[in-house]
Every structure is written in structure tokens, then in C-alpha cells.
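**Q** Could you have a look at this structure, given as C-alpha cells, before my questions?
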Amino acid sequence: MKKITKISMQQNGERYNLFLDEEFFCGITEDTLVKLKLKKGMEVDEAALEVIIKEENKNKCFNYAVFLLGKRNYFEKVLKDKLAQKEYEEEAITFTIEKLYSYGYLNEQRLTEAFVRDKKRFSKKGPRYIASALKAKGVEGDMIRQALEENYDEDEALENCKSLLFKKLDYYKRKTSDTYTLKGKLYAFLAQRGYGSEVAKKAIEEVLREAEG
């Protein structure tokens, strides 16, 4: 059994030093201090010390996640992977993710919708490419489908296809004079960027017709 002999605030004013039997034990957050009701003179056994360490690791994990989110947005899976790389335990990571959602720091649906809009507008990627990228980030299929349905319609996909084709048309025309081969190359170009067959074929026909006229 050990006794808490001193709790002092660190110079940064955000953490506290915990002393047991006049010796420094560890640094703790105010959350840990308050939640476990730690105070000078309290006696703690080995089990209690394990609880302190575990609680502190959870708070450190949460604070690191907040630090990361202060720099950029993260999808849940990506953030979990980052925390695991720092060797935080699964319990601490689960605690952190739940707390982030409760505070509104994580919002998978909002981030998914923003991802769709950004890739559509700035990269002109097709729905299939975007769906694949989101799946790799751990986003659920239903959420991906909903985000695409609500933020990327067929007319936008067609216009993006045509925009991409007009920029590449002369390049592919220099490679072949055969119309059938040209269409095949343009189709493959759009497929690589995540566009489906129907919108790709329609875009190719319209672009070639407009280019001739």
C-alpha cells in the first residue's frame, strides 16, 4: 500500500504530478484527477495504481486524437490506425472514439459527404472511384451510397466526364485515327477515373459529336 503525498500542477498548467511516498509516480490529467477523486493522503494499492495508469492512458489517447483532429479531419478507421501506431491499447482507443463522437469532434457522415463533394468538384473523380476510396477508409457501404446519391447526380457525372474528355481528346486522337479504337481508349480513360459505362458512353458520344460540329 502506498500513500499519495503530493499532487502538484505542472508548469504548463494542463497536467499534474502525482507523488507516492514522496516519490514521483506519474503525470496525470485533470480528468483523471477528478474522475478518480485523487487527493493528498489517500492510500492506494496495486489495483488502484493500475486503474490510475489505465485512466491516464485513455486520457492521453483522447488528447492526442484531439491534437490530430486540430490539424485535419480524419475518418474513424484512419484515426484508429493512427492511435494504434502510437501503441495505445484497444480500450483507450475505443474510449477515445466514443468520446470524440459524443463531443461532435468526429462525424463520419459529414466527412463522407464532404469527401464526395471535394473529389467530384476538384479532382473530377467518378462515383466508383470515390466509393472505392471511402471503402478503403472504413466507411460503411450504406453511408457511401447515401452520400453519393445526395451529393453526386448523373448530370454532374456527365459534365465531369465531358470536361475530362475535352482535355484529353487531342492527345488520344494523335494516337489513333480509328474511331472505334479512339472510343475504346476514351472509355478506358473514364473507367480508370471511376465512371460507369452508361455515363461514359454518353459523354464520349456527345464530346465526339461536339468536336466534329
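To be explicit about the labels: the chains of the C-alpha cells are called A, B, and onward in the order shown, and within each one the residues are counted from 1, while ligands get numbers from 1 in the order they are shown.
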Can you tell me which residues surround range 47-50 of chain A at a distance of at most 10 Å, considering only C-alpha atoms, apart from same-chain residues fewer than 6 positions away, and format the answer as a list in words?

**A**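 Residues meeting the cut-off are Met1, Lys2, Phe25, Leu36 and Glu56 of chain A.
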
**Q** Next, the residues of the selection above should be written as a short mmCIF file (atom, residue, chain, number, x, y, z; two decimals), in the first residue's frame with N, CA, C and O atoms.

**A**
data_model
loop_
_atom_site.label_atom_id
_atom_site.label_comp_id
_atom_site.auth_asym_id
_atom_site.auth_seq_id
_atom_site.Cartn_x
_atom_site.Cartn_y
_atom_site.Cartn_z
N MET A 1 0.85 -1.20 0.00
CA MET A 1 0.00 0.00 0.00
C MET A 1 0.88 1.24 0.00
O MET A 1 1.84 1.34 0.75
N LYS A 2 0.54 2.20 -0.90
CA LYS A 2 1.27 3.45 -0.97
C LYS A 2 0.34 4.61 -0.64
O LYS A 2 -0.89 4.47 -0.70
N PHE A 25 5.47 9.57 -9.20
CA PHE A 25 4.91 8.35 -9.78
C PHE A 25 4.60 8.51 -11.26
O PHE A 25 5.06 7.76 -12.10
N LEU A 36 -11.14 10.00 -10.57
CA LEU A 36 -10.74 9.03 -9.55
C LEU A 36 -10.68 9.63 -8.15
O LEU A 36 -10.34 8.94 -7.19
N GLU A 56 -5.24 7.22 -17.14
CA GLU A 56 -4.36 8.24 -17.72
C GLU A 56 -4.04 7.93 -19.18
O GLU A 56 -3.99 8.84 -20.02
#

**Q** Can you list every residue of range 182-210 of chain A that has an atom at most 9 Å from range 154-172 of chain A, with its nearest atom pair and the distance in Å to one decimal, using only C-alpha atoms, ordered by chain then number, as JSON lines?

**A**
{"residue": "A:Leu182", "atom": "CA", "partner": "A:Tyr172", "partner_atom": "CA", "distance": 6.7}
{"residue": "A:Lys185", "atom": "CA", "partner": "A:Tyr172", "partner_atom": "CA", "distance": 7.3}
{"residue": "A:Leu186", "atom": "CA", "partner": "A:Leu165", "partner_atom": "CA", "distance": 7.2}
{"residue": "A:Phe189", "atom": "CA", "partner": "A:Leu165", "partner_atom": "CA", "distance": 8.6}
{"residue": "A:Leu190", "atom": "CA", "partner": "A:Cys161", "partner_atom": "CA", "distance": 6.9}
{"residue": "A:Tyr195", "atom": "CA", "partner": "A:Ala157", "partner_atom": "CA", "distance": 7.6}
{"residue": "A:Val199", "atom": "CA", "partner": "A:Leu158", "partner_atom": "CA", "distance": 5.9}
{"residue": "A:Ala200", "atom": "CA", "partner": "A:Cys161", "partner_atom": "CA", "distance": 6.7}
{"residue": "A:Lys202", "atom": "CA", "partner": "A:Leu158", "partner_atom": "CA", "distance": 7.7}
{"residue": "A:Ala203", "atom": "CA", "partner": "A:Lys162", "partner_atom": "CA", "distance": 5.5}
{"residue": "A:Ile204", "atom": "CA", "partner": "A:Lys162", "partner_atom": "CA", "distance": 7.3}
{"residue": "A:Glu206", "atom": "CA", "partner": "A:Lys162", "partner_atom": "CA", "distance": 7.9}
{"residue": "A:Val207", "atom": "CA", "partner": "A:Lys162", "partner_atom": "CA", "distance": 6.3}
{"residue": "A:Leu208", "atom": "CA", "partner": "A:Leu169", "partner_atom": "CA", "distance": 8.5}

**Q** Given the selection you just returned, output its residues as a file containing all heavy atoms, formatted as an mmCIF file, in the first residue's frame.

**A**
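Output saved as part-v2.cif:
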data_model
loop_
_atom_site.group_PDB
_atom_site.id
_atom_site.type_symbol
_atom_site.label_atom_id
_atom_site.label_comp_id
_atom_site.auth_asym_id
_atom_site.auth_seq_id
_atom_site.Cartn_x
_atom_site.Cartn_y
_atom_site.Cartn_z
ATOM 1 N N LEU A 182 -10.441 4.840 -80.858
ATOM 2 C CA LEU A 182 -10.460 6.083 -80.095
ATOM 3 C C LEU A 182 -11.491 6.003 -78.969
ATOM 4 O O LEU A 182 -11.198 6.361 -77.823
ATOM 5 C CB LEU A 182 -10.777 7.260 -81.011
ATOM 6 C CG LEU A 182 -10.968 8.622 -80.328
ATOM 7 C CD1 LEU A 182 -9.692 9.047 -79.617
ATOM 8 C CD2 LEU A 182 -11.402 9.675 -81.354
ATOM 9 N N LYS A 185 -10.268 3.832 -76.114
ATOM 10 C CA LYS A 185 -9.270 4.490 -75.263
ATOM 11 C C LYS A 185 -9.918 5.525 -74.338
ATOM 12 O O LYS A 185 -9.555 5.643 -73.163
ATOM 13 C CB LYS A 185 -8.193 5.155 -76.133
ATOM 14 C CG LYS A 185 -7.268 4.174 -76.833
ATOM 15 C CD LYS A 185 -6.189 4.884 -77.614
ATOM 16 C CE LYS A 185 -5.231 3.896 -78.260
ATOM 17 N NZ LYS A 185 -4.475 3.104 -77.260
ATOM 18 N N LEU A 186 -10.888 6.258 -74.894
ATOM 19 C CA LEU A 186 -11.590 7.254 -74.082
ATOM 20 C C LEU A 186 -12.419 6.576 -72.993
ATOM 21 O O LEU A 186 -12.483 7.056 -71.859
ATOM 22 C CB LEU A 186 -12.499 8.113 -74.975
ATOM 23 C CG LEU A 186 -11.795 9.015 -75.981
ATOM 24 C CD1 LEU A 186 -12.815 9.724 -76.867
ATOM 25 C CD2 LEU A 186 -10.899 10.038 -75.272
ATOM 26 N N PHE A 189 -10.129 5.446 -70.274
ATOM 27 C CA PHE A 189 -9.681 6.631 -69.527
ATOM 28 C C PHE A 189 -10.707 7.022 -68.465
ATOM 29 O O PHE A 189 -10.362 7.282 -67.303
ATOM 30 C CB PHE A 189 -9.459 7.776 -70.519
ATOM 31 C CG PHE A 189 -9.279 9.118 -69.895
ATOM 32 C CD1 PHE A 189 -8.140 9.436 -69.174
ATOM 33 C CD2 PHE A 189 -10.266 10.094 -70.023
ATOM 34 C CE1 PHE A 189 -7.981 10.693 -68.597
ATOM 35 C CE2 PHE A 189 -10.118 11.346 -69.449
ATOM 36 C CZ PHE A 189 -8.964 11.646 -68.742
ATOM 37 N N LEU A 190 -11.979 7.022 -68.849
ATOM 38 C CA LEU A 190 -13.036 7.386 -67.905
ATOM 39 C C LEU A 190 -13.255 6.295 -66.858
ATOM 40 O O LEU A 190 -13.525 6.591 -65.687
ATOM 41 C CB LEU A 190 -14.343 7.657 -68.656
ATOM 42 C CG LEU A 190 -14.357 8.903 -69.541
ATOM 43 C CD1 LEU A 190 -15.689 9.001 -70.291
ATOM 44 C CD2 LEU A 190 -14.119 10.162 -68.728
ATOM 45 N N TYR A 195 -15.866 6.175 -63.536
ATOM 46 C CA TYR A 195 -17.179 6.423 -64.126
ATOM 47 C C TYR A 195 -17.766 5.133 -64.697
ATOM 48 O O TYR A 195 -17.043 4.298 -65.239
ATOM 49 C CB TYR A 195 -17.086 7.487 -65.227
ATOM 50 C CG TYR A 195 -16.794 8.857 -64.665
ATOM 51 C CD1 TYR A 195 -15.488 9.352 -64.638
ATOM 52 C CD2 TYR A 195 -17.808 9.641 -64.127
ATOM 53 C CE1 TYR A 195 -15.206 10.594 -64.091
ATOM 54 C CE2 TYR A 195 -17.537 10.885 -63.587
ATOM 55 C CZ TYR A 195 -16.238 11.361 -63.564
ATOM 56 O OH TYR A 195 -15.972 12.589 -63.021
ATOM 57 N N VAL A 199 -22.757 6.431 -68.381
ATOM 58 C CA VAL A 199 -22.396 7.851 -68.437
ATOM 59 C C VAL A 199 -21.148 8.045 -69.287
ATOM 60 O O VAL A 199 -21.006 9.057 -69.992
ATOM 61 C CB VAL A 199 -22.196 8.420 -67.010
ATOM 62 C CG1 VAL A 199 -20.953 7.836 -66.352
ATOM 63 C CG2 VAL A 199 -22.107 9.944 -67.048
ATOM 64 N N ALA A 200 -20.236 7.085 -69.269
ATOM 65 C CA ALA A 200 -19.019 7.197 -70.069
ATOM 66 C C ALA A 200 -19.350 7.169 -71.560
ATOM 67 O O ALA A 200 -18.855 8.002 -72.335
ATOM 68 C CB ALA A 200 -18.059 6.067 -69.710
ATOM 69 N N LYS A 202 -22.196 7.852 -73.012
ATOM 70 C CA LYS A 202 -22.953 9.052 -73.381
ATOM 71 C C LYS A 202 -22.026 10.258 -73.521
ATOM 72 O O LYS A 202 -22.152 11.045 -74.467
ATOM 73 C CB LYS A 202 -24.021 9.341 -72.321
ATOM 74 C CG LYS A 202 -24.946 10.493 -72.683
ATOM 75 C CD LYS A 202 -26.049 10.642 -71.646
ATOM 76 C CE LYS A 202 -27.006 11.785 -72.025
ATOM 77 N NZ LYS A 202 -28.104 11.939 -71.026
ATOM 78 N N ALA A 203 -21.099 10.402 -72.601
ATOM 79 C CA ALA A 203 -20.163 11.525 -72.647
ATOM 80 C C ALA A 203 -19.285 11.454 -73.894
ATOM 81 O O ALA A 203 -19.034 12.478 -74.553
ATOM 82 C CB ALA A 203 -19.294 11.525 -71.388
ATOM 83 N N ILE A 204 -18.826 10.265 -74.220
ATOM 84 C CA ILE A 204 -17.962 10.090 -75.394
ATOM 85 C C ILE A 204 -18.703 10.472 -76.667
ATOM 86 O O ILE A 204 -18.166 11.207 -77.515
ATOM 87 C CB ILE A 204 -17.459 8.633 -75.474
ATOM 88 C CG1 ILE A 204 -16.476 8.369 -74.335
ATOM 89 C CG2 ILE A 204 -16.791 8.365 -76.823
ATOM 90 C CD1 ILE A 204 -16.122 6.910 -74.151
ATOM 91 N N GLU A 206 -21.285 12.474 -77.008
ATOM 92 C CA GLU A 206 -21.558 13.910 -77.043
ATOM 93 C C GLU A 206 -20.298 14.716 -77.346
ATOM 94 O O GLU A 206 -20.336 15.683 -78.117
ATOM 95 C CB GLU A 206 -22.167 14.360 -75.709
ATOM 96 C CG GLU A 206 -23.585 13.845 -75.487
ATOM 97 C CD GLU A 206 -24.247 14.448 -74.258
ATOM 98 O OE1 GLU A 206 -23.686 15.442 -73.723
ATOM 99 O OE2 GLU A 206 -25.311 13.958 -73.850
ATOM 100 N N VAL A 207 -19.179 14.322 -76.749
ATOM 101 C CA VAL A 207 -17.930 15.052 -76.969
ATOM 102 C C VAL A 207 -17.455 14.901 -78.413
ATOM 103 O O VAL A 207 -17.032 15.888 -79.038
ATOM 104 C CB VAL A 207 -16.849 14.568 -75.983
ATOM 105 C CG1 VAL A 207 -15.451 15.058 -76.422
ATOM 106 C CG2 VAL A 207 -17.146 15.073 -74.588
ATOM 107 N N LEU A 208 -17.514 13.706 -78.947
ATOM 108 C CA LEU A 208 -17.092 13.497 -80.329
ATOM 109 C C LEU A 208 -18.005 14.244 -81.303
ATOM 110 O O LEU A 208 -17.533 14.824 -82.297
ATOM 111 C CB LEU A 208 -17.083 11.990 -80.650
ATOM 112 C CG LEU A 208 -15.995 11.169 -79.946
ATOM 113 C CD1 LEU A 208 -16.115 9.695 -80.330
ATOM 114 C CD2 LEU A 208 -14.611 11.700 -80.294
#

**Q** Near Lys80 in chain A, counting only C-alpha atoms, which residues have an atom at most 8 Å away, once you skip same-chain residues fewer than 3 positions from it, shown as a list in words?

**A**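 Contacts, with the query itself left out: Glu76, Lys77, Leu83, Ala84, Ile93 and Ile97 of chain A.
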
**Q** Name the residues in contact with range 135-152 of chain A at a cut-off of 12 Å, using only C-alpha atoms, excluding same-chain residues fewer than 5 positions from it; report them as JSON, numbers by chain.

**A** {"A": [74, 75, 76, 77, 78, 79, 80, 81, 107, 108, 109, 110, 111, 112, 113, 114, 115, 116, 117, 118, 119, 120, 121, 124, 125, 126, 127, 128, 129, 130, 157, 158, 159, 160, 195]}

**Q** If you run DSSP over the backbone, which residues in range 39-207 of chain A end up helix (DSSP H, G or I)? Put them as a ChimeraX atom specification.

**A** /A:46-69,76-85,90-103,108-123,127-136,141-151,154-173,179-192,197-207

**Q** Which residue is closest to Ser132 in chain A? Choose from A:Lys58, A:Arg15, A:Lys173, A:Arg193 and count only C-alpha atoms.

**A**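 Closest residue, counting only C-alpha atoms: A:Arg193.
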
**Q** Pick out the closest residue to Lys86 in chain A from this set: A:Tyr64, A:Glu198, A:Gly27, A:Thr181. Count only C-alpha atoms.

**A**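 Between A:Tyr64, A:Glu198, A:Gly27, A:Thr181, the residue approaching Lys86 in chain A most closely is A:Tyr64.
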
**Q** So that I can see what lies close to Leu18 in chain A, please list as number ranges by chain the residues with an atom at most 9 Å from it, counting only C-alpha atoms and leaving out residues fewer than 4 positions away in the same chain.

**A** A: 4-8, 23-28

**Q** Got a sec: who's within 10 Å of Thr29 in chain A, counting only C-alpha atoms, leaving out chain neighbours fewer than 4 positions off, as a list in words?

**A**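 In the requested format, the answer is Met9, Gly13, Glu14, Arg15, Tyr16, Asn17, Leu33, Val34, Glu55, Glu56, Asn57, Asn59, Lys60 and Asn63 of chain A.
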
**Q** Could you write those residues out with N, CA and C atoms, as a PDB file, in the first residue's frame?

**A**
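File selection-v5.pdb, as written:
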ATOM      1  N   MET A   9       0.690  20.940  -9.704  1.00  0.00           N
ATOM      2  CA  MET A   9       0.416  21.298 -11.093  1.00  0.00           C
ATOM      3  C   MET A   9       1.728  21.467 -11.858  1.00  0.00           C
ATOM      4  N   GLY A  13       0.409  23.994 -16.729  1.00  0.00           N
ATOM      5  CA  GLY A  13      -0.905  24.222 -16.150  1.00  0.00           C
ATOM      6  C   GLY A  13      -1.990  23.294 -16.640  1.00  0.00           C
ATOM      7  N   GLU A  14      -1.610  22.274 -17.425  1.00  0.00           N
ATOM      8  CA  GLU A  14      -2.596  21.369 -18.003  1.00  0.00           C
ATOM      9  C   GLU A  14      -2.555  19.974 -17.380  1.00  0.00           C
ATOM     10  N   ARG A  15      -1.450  19.646 -16.703  1.00  0.00           N
ATOM     11  CA  ARG A  15      -1.299  18.320 -16.105  1.00  0.00           C
ATOM     12  C   ARG A  15      -0.793  18.455 -14.668  1.00  0.00           C
ATOM     13  N   TYR A  16      -0.869  17.338 -13.953  1.00  0.00           N
ATOM     14  CA  TYR A  16      -0.452  17.323 -12.555  1.00  0.00           C
ATOM     15  C   TYR A  16       0.581  16.223 -12.329  1.00  0.00           C
ATOM     16  N   ASN A  17       1.485  16.462 -11.405  1.00  0.00           N
ATOM     17  CA  ASN A  17       2.450  15.454 -10.989  1.00  0.00           C
ATOM     18  C   ASN A  17       1.906  14.731  -9.763  1.00  0.00           C
ATOM     19  N   LEU A  33      -7.601  13.096 -12.404  1.00  0.00           N
ATOM     20  CA  LEU A  33      -7.597  13.566 -11.007  1.00  0.00           C
ATOM     21  C   LEU A  33      -9.016  13.652 -10.454  1.00  0.00           C
ATOM     22  N   VAL A  34      -9.905  14.237 -11.249  1.00  0.00           N
ATOM     23  CA  VAL A  34     -11.283  14.447 -10.800  1.00  0.00           C
ATOM     24  C   VAL A  34     -12.074  13.138 -10.797  1.00  0.00           C
ATOM     25  N   GLU A  55      -6.493   4.806 -16.703  1.00  0.00           N
ATOM     26  CA  GLU A  55      -7.309   6.006 -16.927  1.00  0.00           C
ATOM     27  C   GLU A  55      -6.473   7.102 -17.579  1.00  0.00           C
ATOM     28  N   GLU A  56      -5.242   7.221 -17.143  1.00  0.00           N
ATOM     29  CA  GLU A  56      -4.361   8.237 -17.718  1.00  0.00           C
ATOM     30  C   GLU A  56      -4.037   7.933 -19.175  1.00  0.00           C
ATOM     31  N   ASN A  57      -3.832   6.670 -19.487  1.00  0.00           N
ATOM     32  CA  ASN A  57      -3.572   6.294 -20.875  1.00  0.00           C
ATOM     33  C   ASN A  57      -4.769   6.618 -21.765  1.00  0.00           C
ATOM     34  N   ASN A  59      -6.931   9.041 -21.281  1.00  0.00           N
ATOM     35  CA  ASN A  59      -6.979  10.491 -21.467  1.00  0.00           C
ATOM     36  C   ASN A  59      -5.868  10.985 -22.383  1.00  0.00           C
ATOM     37  N   LYS A  60      -4.703  10.367 -22.289  1.00  0.00           N
ATOM     38  CA  LYS A  60      -3.601  10.734 -23.185  1.00  0.00           C
ATOM     39  C   LYS A  60      -3.956  10.394 -24.623  1.00  0.00           C
ATOM     40  N   ASN A  63      -6.465  13.009 -25.828  1.00  0.00           N
ATOM     41  CA  ASN A  63      -5.816  14.297 -26.083  1.00  0.00           C
ATOM     42  C   ASN A  63      -4.979  14.260 -27.357  1.00  0.00           C
TER      43      ASN A  63
END

**Q** Extract the full set of strand (DSSP E or B) residues from range 27-191 of chain A according to DSSP on the backbone, and format it as an MDAnalysis selection string.

**A** chainID A and resid 27:29 43:44

**Q** Could you give me, as JSON, numbers by chain, the residues within 7 Å of Thr96 in chain A, counting only C-alpha atoms and dropping anything in the same chain fewer than 4 positions from it?

**A** {"A": [58, 61, 62, 92, 100]}

**Q** Include all heavy atoms and write out the residues we just selected as a PDB file, in the first residue's frame.

**A**
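Contents of the output file again.pdb:
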ATOM      1  N   LYS A  58      -5.964   6.415 -21.246  1.00  0.00           N
ATOM      2  CA  LYS A  58      -7.173   6.739 -22.004  1.00  0.00           C
ATOM      3  C   LYS A  58      -7.247   8.238 -22.285  1.00  0.00           C
ATOM      4  O   LYS A  58      -7.565   8.657 -23.401  1.00  0.00           O
ATOM      5  CB  LYS A  58      -8.415   6.282 -21.239  1.00  0.00           C
ATOM      6  CG  LYS A  58      -8.615   4.775 -21.243  1.00  0.00           C
ATOM      7  CD  LYS A  58      -9.542   4.296 -20.141  1.00  0.00           C
ATOM      8  CE  LYS A  58     -10.917   4.849 -20.234  1.00  0.00           C
ATOM      9  NZ  LYS A  58     -11.829   4.306 -19.197  1.00  0.00           N
ATOM     10  N   CYS A  61      -4.597   9.248 -24.806  1.00  0.00           N
ATOM     11  CA  CYS A  61      -5.034   8.832 -26.136  1.00  0.00           C
ATOM     12  C   CYS A  61      -6.049   9.832 -26.694  1.00  0.00           C
ATOM     13  O   CYS A  61      -5.947  10.259 -27.853  1.00  0.00           O
ATOM     14  CB  CYS A  61      -5.645   7.438 -26.054  1.00  0.00           C
ATOM     15  SG  CYS A  61      -6.183   6.759 -27.640  1.00  0.00           S
ATOM     16  N   PHE A  62      -6.998  10.225 -25.879  1.00  0.00           N
ATOM     17  CA  PHE A  62      -8.010  11.196 -26.311  1.00  0.00           C
ATOM     18  C   PHE A  62      -7.367  12.535 -26.667  1.00  0.00           C
ATOM     19  O   PHE A  62      -7.676  13.125 -27.702  1.00  0.00           O
ATOM     20  CB  PHE A  62      -9.043  11.401 -25.205  1.00  0.00           C
ATOM     21  CG  PHE A  62     -10.045  12.489 -25.501  1.00  0.00           C
ATOM     22  CD1 PHE A  62     -11.084  12.267 -26.387  1.00  0.00           C
ATOM     23  CD2 PHE A  62      -9.927  13.734 -24.904  1.00  0.00           C
ATOM     24  CE1 PHE A  62     -12.000  13.276 -26.683  1.00  0.00           C
ATOM     25  CE2 PHE A  62     -10.842  14.744 -25.186  1.00  0.00           C
ATOM     26  CZ  PHE A  62     -11.879  14.509 -26.082  1.00  0.00           C
ATOM     27  N   ALA A  92      -8.346   2.050 -24.704  1.00  0.00           N
ATOM     28  CA  ALA A  92      -8.143   3.502 -24.751  1.00  0.00           C
ATOM     29  C   ALA A  92      -8.644   4.083 -26.066  1.00  0.00           C
ATOM     30  O   ALA A  92      -9.234   5.171 -26.100  1.00  0.00           O
ATOM     31  CB  ALA A  92      -6.669   3.830 -24.555  1.00  0.00           C
ATOM     32  N   LEU A 100     -15.032  11.238 -28.695  1.00  0.00           N
ATOM     33  CA  LEU A 100     -14.953  12.172 -29.817  1.00  0.00           C
ATOM     34  C   LEU A 100     -16.314  12.333 -30.491  1.00  0.00           C
ATOM     35  O   LEU A 100     -16.707  13.440 -30.862  1.00  0.00           O
ATOM     36  CB  LEU A 100     -13.920  11.693 -30.834  1.00  0.00           C
ATOM     37  CG  LEU A 100     -12.451  11.780 -30.410  1.00  0.00           C
ATOM     38  CD1 LEU A 100     -11.558  11.076 -31.424  1.00  0.00           C
ATOM     39  CD2 LEU A 100     -12.011  13.231 -30.248  1.00  0.00           C
TER      40      LEU A 100
END
